[in-house]
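The structure appears below as structure tokens.
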Amino acid sequence: MIYLFDVDGTLTPSRKQIDKKFAIWFSKFCEHEKVYLVTGSDKSKTIEQVGPVIYNRCKGAYQCSGNQFWVKETLMKTSDWTLPNLARTFLISCEYESPFTLRTGNHIEERPGMVNFSIVGRNADSIERAKYVAYDTKENERIKIANAFNTMFPDLQATVGGETGLDIAPKGLDKGQIVKDFSKDTKIKFYGDAMWKGGNDYSLKLALEEHNFDYAECIPVADWQETWDKLKLLKKEQGNKIRD
């Protein structure tokens with residue numbers, strides 16, 4: 001069995017470090033199971049969140065929505081795509097026109113093969129992020145921007161990622177691209193918090209369903225606590241409970 005995990009909102013609170021007790025438990029899980037991380041973040045941010053022990057116990061990490069693939073300290077592949085100027089101008093205009101006035105900087109973060117766009121900015125602290133989350137929950141600003149972006153740039157794809165951002169990449173170069181690395185007889189379980197249409201886990205969910213694997217199960221979770229609860233139940237059913 002292969003286990004695929006999103007990170008933000010699935011293994012950790014958004015943009016924060018993994019819970020210490022869960023980290024100890026999940027580290028043991030990674031030691032005995034075939035685990036891959038699939039995240040929109042880059043390697044350094046992921047290690048900051050899950051720690052080097054968990055990172056290096058995983059079989060591999062698909063960073064930047066699969067546009068980089070790392071096995072421990074070895075970079076196996078990367079993308080050299082960059083955001084077109086017209087798309088960049090569109091995002092800058094969205095930032096300028098947003099009724100949400102708080103700005104913290106780093107609004108267009110370049111990553112290998114993709115960018116992350118945030119109205120409030122990637123430099124926002126937890127209080128500033130919470131203000132934007134409350135605003136976006138009410139106004140659905142990110143979904144509106146994504147829909148407008150996808151209409152204007154049909155060769156690109158914007159999806160809602162994390163609490164405050166949008167993940168943007170060429171169509172097909174999203175999380176769903178990783179399925180080609182696994183044979184169809186592979187058994188897979190995928191855990192993610194944004195499997196709804198428009199969320200940045202949806203493309204992988206769709207790809208797993210369409211790739212006709214012998215067994216592929218997509219397991220939506222609300223947060224890392226639910227992920228842990230489901231994994232503990234899984235281990236109990238398998239008869240090899242991991243001690244907390």
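Ordered as shown in the structure tokens, chains take letters A, B, and onward, while each chain numbers its residues from 1 and ligands are numbered from 1 in the order shown.
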- Task: Would you list the contacts of segment 72-79 of chain A as a ChimeraX atom specification, taking every protein, DNA or RNA residue within 10 Å and counting only C-alpha atoms, but skipping same-chain residues closer than 3 positions in sequence?
- Result: /A:43,52-53,55-64,66-69,82,111-114,173
- For Ile119 of chain A, work out the shell of residues within 10 Å, counting only C-alpha atoms and skipping chain neighbours fewer than 4 positions away, then give it as number ranges by chain. A: 91-92, 94-108, 132, 141-142, 164-166
Please save C-alpha atoms of the selected residues as a PDB file, in the first residue's frame.
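As a result, part.pdb now contains:
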```pdb
ATOM      1  CA  LEU A  91      -2.652  38.980 -10.377  1.00  0.00           C
ATOM      2  CA  ILE A  92      -1.160  42.358  -9.496  1.00  0.00           C
ATOM      3  CA  CYS A  94      -6.396  41.581  -8.402  1.00  0.00           C
ATOM      4  CA  GLU A  95      -4.253  42.528  -5.421  1.00  0.00           C
ATOM      5  CA  TYR A  96      -4.708  46.235  -6.161  1.00  0.00           C
ATOM      6  CA  GLU A  97      -8.493  45.981  -6.596  1.00  0.00           C
ATOM      7  CA  SER A  98      -9.280  43.708  -3.609  1.00  0.00           C
ATOM      8  CA  PRO A  99     -11.518  45.354  -0.975  1.00  0.00           C
ATOM      9  CA  PHE A 100      -9.429  43.576   1.658  1.00  0.00           C
ATOM     10  CA  THR A 101      -6.904  46.289   2.438  1.00  0.00           C
ATOM     11  CA  LEU A 102      -4.334  44.540   4.675  1.00  0.00           C
ATOM     12  CA  ARG A 103      -1.055  43.805   2.828  1.00  0.00           C
ATOM     13  CA  THR A 104       2.019  42.083   4.267  1.00  0.00           C
ATOM     14  CA  GLY A 105       4.230  41.486   1.210  1.00  0.00           C
ATOM     15  CA  ASN A 106       5.286  38.462  -0.870  1.00  0.00           C
ATOM     16  CA  HIS A 107       2.014  38.298  -2.795  1.00  0.00           C
ATOM     17  CA  ILE A 108       3.347  36.350  -5.791  1.00  0.00           C
ATOM     18  CA  TYR A 132      -8.204  37.216   5.672  1.00  0.00           C
ATOM     19  CA  GLU A 141     -12.676  36.066  -3.029  1.00  0.00           C
ATOM     20  CA  ARG A 142     -10.160  33.353  -3.876  1.00  0.00           C
ATOM     21  CA  THR A 164      -5.066  32.384   2.063  1.00  0.00           C
ATOM     22  CA  GLY A 165      -3.564  31.509  -1.318  1.00  0.00           C
ATOM     23  CA  LEU A 166      -4.065  30.317  -4.852  1.00  0.00           C
TER      24      LEU A 166
END
```
- Item | 12 Å contact set for Val133 of chain A, only C-alpha atoms, chain neighbours under 2 positions out, as an MDAnalysis selection string | chainID A and resid 14 100 118:120 124 126:131 135:142 162:165
Taking a cut-off of 12 Å and counting only C-alpha atoms, can you build a table that, for each residue of segment 160-185 of chain A near segment 215-226 of chain A, reports the nearest atom pair and how far apart they are in Å (one decimal), sorted by chain then residue number, as a tab-separated table?
```
residue	atom	partner	partner_atom	distance
A:Gly162	CA	A:Asp223	CA	11.4
A:Glu163	CA	A:Asp223	CA	12.0
A:Val179	CA	A:Ala216	CA	10.7
A:Phe182	CA	A:Ala216	CA	11.3
A:Ser183	CA	A:Tyr215	CA	11.1
A:Lys184	CA	A:Tyr215	CA	8.4
A:Asp185	CA	A:Tyr215	CA	7.5
```
Write the selection just made, keeping C-alpha atoms, as a PDB file, in the first residue's frame?
```
ATOM      1  CA  GLY A 162      -4.109  26.526   2.041  1.00  0.00           C
ATOM      2  CA  GLU A 163      -5.951  29.233   3.985  1.00  0.00           C
ATOM      3  CA  VAL A 179      -0.057   9.377 -10.796  1.00  0.00           C
ATOM      4  CA  PHE A 182       2.874   4.621 -10.054  1.00  0.00           C
ATOM      5  CA  SER A 183       1.887   1.438 -11.876  1.00  0.00           C
ATOM      6  CA  LYS A 184      -1.829   0.641 -12.148  1.00  0.00           C
ATOM      7  CA  ASP A 185      -1.504  -2.352  -9.847  1.00  0.00           C
TER       8      ASP A 185
END
```
- DSSP alpha helix (DSSP H) selection over segment 185-221 of chain A, as a PyMOL selection string: chain A and resi 202-210
Need the shell around segment 46-51 of chain A: protein/DNA/RNA residues with any atom at most 12 Å away, counting only C-alpha atoms. Skip same-chain ones fewer than 5 positions apart. Format as an mmCIF file with C-alpha atoms, in the first residue's frame?
```
data_model
loop_
_atom_site.group_PDB
_atom_site.id
_atom_site.type_symbol
_atom_site.label_atom_id
_atom_site.label_comp_id
_atom_site.auth_asym_id
_atom_site.auth_seq_id
_atom_site.Cartn_x
_atom_site.Cartn_y
_atom_site.Cartn_z
ATOM 1 C CA PHE A 5 -0.471 12.895 2.175
ATOM 2 C CA ASP A 6 -1.080 16.563 1.576
ATOM 3 C CA VAL A 7 0.683 18.628 4.273
ATOM 4 C CA ASP A 8 -1.038 21.959 5.043
ATOM 5 C CA GLY A 9 -4.345 21.247 6.788
ATOM 6 C CA THR A 10 -3.810 17.482 6.528
ATOM 7 C CA LEU A 11 -0.676 16.731 8.557
ATOM 8 C CA THR A 12 -0.196 20.185 10.081
ATOM 9 C CA PRO A 13 -2.190 23.302 10.866
ATOM 10 C CA SER A 14 -1.949 25.607 7.871
ATOM 11 C CA ARG A 15 1.629 26.949 7.518
ATOM 12 C CA LYS A 16 2.486 25.736 11.038
ATOM 13 C CA GLN A 17 4.567 22.923 12.509
ATOM 14 C CA ILE A 18 3.151 19.472 13.048
ATOM 15 C CA ASP A 19 1.744 18.708 16.505
ATOM 16 C CA LYS A 20 4.540 17.198 18.633
ATOM 17 C CA LYS A 21 2.617 14.106 19.732
ATOM 18 C CA PHE A 22 1.335 13.465 16.223
ATOM 19 C CA ALA A 23 4.877 13.925 14.881
ATOM 20 C CA ILE A 24 6.186 11.099 17.078
ATOM 21 C CA PHE A 26 3.463 9.696 12.344
ATOM 22 C CA SER A 27 7.230 9.270 12.264
ATOM 23 C CA CYS A 30 6.444 6.493 8.025
ATOM 24 C CA LEU A 37 4.154 13.811 0.693
ATOM 25 C CA VAL A 38 2.276 15.766 -1.988
ATOM 26 C CA THR A 39 2.241 19.495 -1.277
ATOM 27 C CA GLY A 40 2.168 22.881 -2.953
ATOM 28 C CA SER A 41 5.016 24.119 -0.754
ATOM 29 C CA ASN A 56 13.585 11.595 5.379
ATOM 30 C CA ARG A 57 11.502 8.603 6.449
ATOM 31 C CA CYS A 58 9.114 9.229 3.572
ATOM 32 C CA ALA A 61 8.200 14.250 -1.427
ATOM 33 C CA TYR A 62 6.325 15.814 -4.328
ATOM 34 C CA GLN A 63 6.936 19.520 -3.783
ATOM 35 C CA CYS A 64 5.316 22.462 -5.566
ATOM 36 C CA TRP A 70 12.799 14.819 -3.781
ATOM 37 C CA LYS A 72 15.623 12.644 1.037
ATOM 38 C CA GLU A 73 18.361 15.090 -0.060
ATOM 39 C CA TRP A 224 -4.625 17.001 11.033
#
```
- Task: Give the strand (DSSP E) residues of segment 8-74 of chain A, as DSSP finds them on the backbone, and put them as a VMD selection string.
- Result: chain A and resid 34 to 38 60 to 63 68 to 71 74
Could those selected residues go to a file with C-alpha atoms, as a compact mmCIF listing (two decimals), in the first residue's frame?
```
# COMPACT_ATOMS: atom_id res chain seq x y z
CA LYS A 34 5.41 3.60 2.11
CA VAL A 35 4.60 7.29 2.53
CA TYR A 36 4.85 10.13 0.02
CA LEU A 37 4.15 13.81 0.69
CA VAL A 38 2.28 15.77 -1.99
CA GLY A 60 9.67 10.76 -1.45
CA ALA A 61 8.20 14.25 -1.43
CA TYR A 62 6.32 15.81 -4.33
CA GLN A 63 6.94 19.52 -3.78
CA GLN A 68 9.70 18.96 -7.94
CA PHE A 69 10.35 15.47 -6.59
CA TRP A 70 12.80 14.82 -3.78
CA VAL A 71 14.01 11.57 -2.23
CA THR A 74 18.35 14.10 -3.74
```
- Task: Measuring atom to atom with only C-alpha atoms, identify which of A:Arg122, A:Lys187, A:His32, A:Lys197 is nearest to Lys235 of chain A.
- Result: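 Closest to Lys235 of chain A of all the choices is A:His32.
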- Query: From the list A:Pro170, A:Gly239, A:Gly198, A:Gly121, which residue is nearest Ser65 of chain A when using only C-alpha atoms?
  - Reply: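 Counting only C-alpha atoms, the residue closest to Ser65 of chain A is A:Pro170.
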- Polymer residues at most 8 Å from Asn147 of chain A, only C-alpha atoms, same-chain spacing of 4 or more positions, as a PyMOL selection string: chain A and resi 143+151+158
- Item | Separation of atom CA of Phe190 of chain A from atom CA of Asn123 of chain A, in Å and rounded to one decimal | 29.7 Å
- Query: In Å to one decimal, how far is atom CA of Phe117 of chain A from atom CA of Arg88 of chain A?
  - Reply: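 Taking atom CA of Arg88 of chain A and atom CA of Phe117 of chain A, their separation equals 9.7 Å.
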- Item | Atomic distance atom CA of Asn200 of chain A - atom CA of Ile168 of chain A, expressed in Å with one decimal |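 A separation of 9.6 Å between them.
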